[in-house]
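J.: The following block contains the structure, expressed as structure tokens.
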Amino acid sequence: MSETLQTIDVAGSDADLLVRSASAVRAAGSALRARFGEVVRHETREELMRALAGNDDAALDILRPALTRLRPEARWVEDELDGGALPPGEWWVVDPAEGNVNHLHALPDWAVTATLVRENRPVLTVVHLPLTGETYTALAGAGAHLDGRRLSVAPTTDLGLGIVATSQARPDEDEALVRRVGSSITAMLLDALVVRTSVPATLHLANVAAGRIDAFWQFAGARADLLPGALLVTEAGGRVSDIEGRPWTPRSGGFLATAPGVHAQAVATLSR
């Protein structure tokens, strides 16, 4: 039986907690991988929502009891689309199927994530990609890793030589924000080497942490979208701020994560 399905004591340290959390996330990923394959057809919004919920439930049936056993006093964020600051204490911020719509369309870009937030600061995070078997982890103050290998952001200093990315696909978004997104993409197309636009945000941020992408930005986002990547990028030596370059918090209206050498350039481009 997987250790994530057994009764386990509260972890004695955050490092131990990270290892145990990763086991739980991998187990949930295996459940979603078993559901992956053919395109799931839907003709109405209701059918789509039922299919999305089916994936979420399959992962949560594993994640919720496993993570609760690890941290019984930690509360649980019920909606991965929520934003803003959390009340005091410890919280599990989980996206059981990050990139869920990609999963339903038989596209490979999806993951399972779990982040422990303590007093509104991410303490540890796990991002698991079931199709490749890769697991990204970060522990506050101890670095970011991919399957045990230390990650470091890119040394790029010229945005014109950089690959940048955004993830702007929330349905029913305010029209003014949609237009701002479009303007920002145009600005980056003029200033950066390559612009990638796709979901989910977490996978772009993992690539920033791994030095494959030089910058990621987003004007609106949920905690579950941004907290895992924010910790990964920070622990890999990157810069995380709001769009104007100020310190980012879950209350911020925009998000920017970059290699340090292009941060100021990215802020200038997005501020035009």
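Chains: A, B, ... in order of the structure tokens. Residues: from 1 per chain. Ligands: from 1, in order shown.
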Would you mind listing what lies within 7 Å of range 195-210 of chain A as a list in words, with only C-alpha atoms counted and same-chain residues fewer than 4 positions away left out?
T.: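 Residues meeting the cut-off are Glu98, Gly99, Trp110, Leu151, Ser152, Val153, Ile163, Val164, Ala165, Thr166, Ser167, Met188, Leu189, Asp214, Ala215, Phe216, Asp225, Leu226, Pro228, Gly229, Leu232, Val233, Ala236 and Thr258 of chain A.
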J.: Can you pull out every residue from range 32-235 of chain A that DSSP, working from the backbone, puts in alpha helix (DSSP H), and format the result as a PyMOL selection string?
T.: chain A and resi 32-34+45-70+100-104+175-191+201-209+223-235
J.: Under the rule that only C-alpha atoms are counted, which of A:Gly84, A:Pro72, A:Gly29, A:Pro155 is the nearest residue to Ala222 in chain A?
T.: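 Selected residue with least distance to Ala222 in chain A: A:Gly84.
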J.: Restricting the calculation to only C-alpha atoms, which member of A:Thr156, A:Ser183, A:Ser13, A:Asn102 is positioned closest to Val123 in chain A?
T.: A:Ser13
J.: Residues within 12 Å of Gly54 in chain A, please, as an mmCIF file with C-alpha atoms, in the first residue's frame. Count only C-alpha atoms; anything in the same chain fewer than 6 positions from it doesn't count.
T.:
data_model
loop_
_atom_site.group_PDB
_atom_site.id
_atom_site.type_symbol
_atom_site.label_atom_id
_atom_site.label_comp_id
_atom_site.auth_asym_id
_atom_site.auth_seq_id
_atom_site.Cartn_x
_atom_site.Cartn_y
_atom_site.Cartn_z
ATOM 1 C CA ALA A 31 -5.028 8.394 -10.809
ATOM 2 C CA LEU A 32 -5.300 11.189 -13.375
ATOM 3 C CA ARG A 35 -8.021 8.682 -16.866
ATOM 4 C CA PHE A 36 -5.991 10.284 -19.682
ATOM 5 C CA VAL A 40 -13.578 13.920 -23.779
ATOM 6 C CA GLU A 47 -21.123 18.701 -19.656
ATOM 7 C CA LEU A 48 -17.703 20.343 -19.598
ATOM 8 C CA LEU A 60 -8.852 14.947 -4.434
ATOM 9 C CA ASP A 61 -9.994 11.549 -3.192
ATOM 10 C CA PRO A 96 -5.830 18.597 -8.275
ATOM 11 C CA ALA A 97 -5.760 18.917 -12.064
ATOM 12 C CA ASN A 100 -7.631 20.214 -16.471
ATOM 13 C CA VAL A 101 -9.072 21.359 -19.800
ATOM 14 C CA HIS A 103 -6.312 16.760 -19.906
ATOM 15 C CA LEU A 104 -9.854 16.515 -21.301
#
J.: So which bits of range 33-114 of chain A end up strand (DSSP E or B) when you DSSP the backbone, as a VMD selection string?
T.: chain A and resid 75 to 76 90 to 98 111 to 114
J.: Residues of the last selection are to be written out with N, CA and C atoms, as a PDB file, in the first residue's frame.
T.:
ATOM      1  N   ARG A  75      -5.879  24.146   7.271  1.00  0.00           N
ATOM      2  CA  ARG A  75      -7.159  24.228   6.589  1.00  0.00           C
ATOM      3  C   ARG A  75      -6.967  24.046   5.098  1.00  0.00           C
ATOM      4  N   TRP A  76      -8.074  23.915   4.400  1.00  0.00           N
ATOM      5  CA  TRP A  76      -8.060  23.523   2.999  1.00  0.00           C
ATOM      6  C   TRP A  76      -8.766  24.581   2.166  1.00  0.00           C
ATOM      7  N   GLU A  90      -2.130  27.885   8.739  1.00  0.00           N
ATOM      8  CA  GLU A  90      -1.634  27.058   7.648  1.00  0.00           C
ATOM      9  C   GLU A  90      -2.796  26.638   6.741  1.00  0.00           C
ATOM     10  N   TRP A  91      -2.512  26.621   5.453  1.00  0.00           N
ATOM     11  CA  TRP A  91      -3.513  26.245   4.459  1.00  0.00           C
ATOM     12  C   TRP A  91      -2.866  25.368   3.398  1.00  0.00           C
ATOM     13  N   TRP A  92      -3.591  24.342   2.979  1.00  0.00           N
ATOM     14  CA  TRP A  92      -3.219  23.615   1.768  1.00  0.00           C
ATOM     15  C   TRP A  92      -3.905  24.288   0.576  1.00  0.00           C
ATOM     16  N   VAL A  93      -3.090  24.747  -0.357  1.00  0.00           N
ATOM     17  CA  VAL A  93      -3.598  25.303  -1.614  1.00  0.00           C
ATOM     18  C   VAL A  93      -3.273  24.279  -2.695  1.00  0.00           C
ATOM     19  N   VAL A  94      -4.303  23.642  -3.204  1.00  0.00           N
ATOM     20  CA  VAL A  94      -4.134  22.487  -4.087  1.00  0.00           C
ATOM     21  C   VAL A  94      -4.862  22.714  -5.398  1.00  0.00           C
ATOM     22  N   ASP A  95      -4.219  22.366  -6.488  1.00  0.00           N
ATOM     23  CA  ASP A  95      -4.922  22.263  -7.768  1.00  0.00           C
ATOM     24  C   ASP A  95      -4.822  20.797  -8.184  1.00  0.00           C
ATOM     25  N   PRO A  96      -5.903  20.042  -8.028  1.00  0.00           N
ATOM     26  CA  PRO A  96      -5.830  18.597  -8.275  1.00  0.00           C
ATOM     27  C   PRO A  96      -5.620  18.236  -9.729  1.00  0.00           C
ATOM     28  N   ALA A  97      -5.974  19.158 -10.633  1.00  0.00           N
ATOM     29  CA  ALA A  97      -5.760  18.917 -12.064  1.00  0.00           C
ATOM     30  C   ALA A  97      -5.459  20.253 -12.717  1.00  0.00           C
ATOM     31  N   GLU A  98      -4.252  20.751 -12.508  1.00  0.00           N
ATOM     32  CA  GLU A  98      -3.825  22.016 -13.098  1.00  0.00           C
ATOM     33  C   GLU A  98      -3.682  21.813 -14.605  1.00  0.00           C
ATOM     34  N   ALA A 111      -0.919  19.012 -14.765  1.00  0.00           N
ATOM     35  CA  ALA A 111      -0.118  18.625 -13.611  1.00  0.00           C
ATOM     36  C   ALA A 111      -1.013  18.521 -12.383  1.00  0.00           C
ATOM     37  N   VAL A 112      -0.416  18.059 -11.299  1.00  0.00           N
ATOM     38  CA  VAL A 112      -1.058  18.059  -9.984  1.00  0.00           C
ATOM     39  C   VAL A 112      -0.156  18.875  -9.062  1.00  0.00           C
ATOM     40  N   THR A 113      -0.749  19.804  -8.323  1.00  0.00           N
ATOM     41  CA  THR A 113       0.061  20.660  -7.460  1.00  0.00           C
ATOM     42  C   THR A 113      -0.500  20.711  -6.051  1.00  0.00           C
ATOM     43  N   ALA A 114       0.397  20.881  -5.096  1.00  0.00           N
ATOM     44  CA  ALA A 114       0.008  21.095  -3.700  1.00  0.00           C
ATOM     45  C   ALA A 114       1.025  22.026  -3.065  1.00  0.00           C
TER      46      ALA A 114
END
J.: Can you tell me which residues surround Glu235 in chain A at a distance of at most 9 Å, considering only C-alpha atoms, apart from same-chain residues fewer than 2 positions away, and format the answer as a count of residues only?
T.: 17
J.: What separation in Å, quoted to one decimal, exists between CA of Phe255 in chain A and CA of Arg71 in chain A?
T.: 28.8 Å
J.: Rounded to one decimal place, report the CA of Leu161 in chain A-CA of Gly211 in chain A distance in Å.
T.: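 It comes out at 13.3 Å.
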J.: May I ask which of the residues A:Ile213, A:Val181, A:Ala106, A:Val25 is the closest one to Thr137 in chain A, counting only C-alpha atoms?
T.: A:Val25
J.: Name the closest residue to Val77 in chain A among the candidates A:Ala187, A:Met49, A:Val126, A:Val117; distances are taken between atoms, counting only C-alpha atoms.
T.: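 Using only C-alpha atoms, Val77 in chain A sits closest to A:Val117.
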J.: For Gly133 in chain A, please output as a list in words all residues within 10 Å (counting only C-alpha atoms; exclusion window: fewer than 5 positions along the same chain).
T.: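 The residues satisfying every condition are Arg26, Gly29, Ser30, His128 and Asp147 of chain A.
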J.: Output C-alpha atoms for every residue in that selection, as an mmCIF file, in the first residue's frame.
T.:
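The file below, part19.cif, is the result:
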data_model
loop_
_atom_site.group_PDB
_atom_site.id
_atom_site.type_symbol
_atom_site.label_atom_id
_atom_site.label_comp_id
_atom_site.auth_asym_id
_atom_site.auth_seq_id
_atom_site.Cartn_x
_atom_site.Cartn_y
_atom_site.Cartn_z
ATOM 1 C CA ARG A 26 2.407 11.520 -7.258
ATOM 2 C CA GLY A 29 -1.124 12.031 -10.561
ATOM 3 C CA SER A 30 -1.250 8.299 -11.185
ATOM 4 C CA HIS A 128 4.036 16.697 -10.545
ATOM 5 C CA ASP A 147 13.650 15.133 -9.291
#
J.: Given only C-alpha atoms as the basis, pick out the residue of A:Gly37, A:Gly83, A:Pro108, A:Gly182 nearest to Ala220 in chain A.
T.: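 Closest to Ala220 in chain A, using only C-alpha atoms: A:Gly83.
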J.: Which distance in Å separates CA of Thr157 in chain A and CA of Pro260 in chain A, to one decimal?
T.: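 Straight-line distance from CA of Thr157 in chain A to CA of Pro260 in chain A works out to 7.8 Å.
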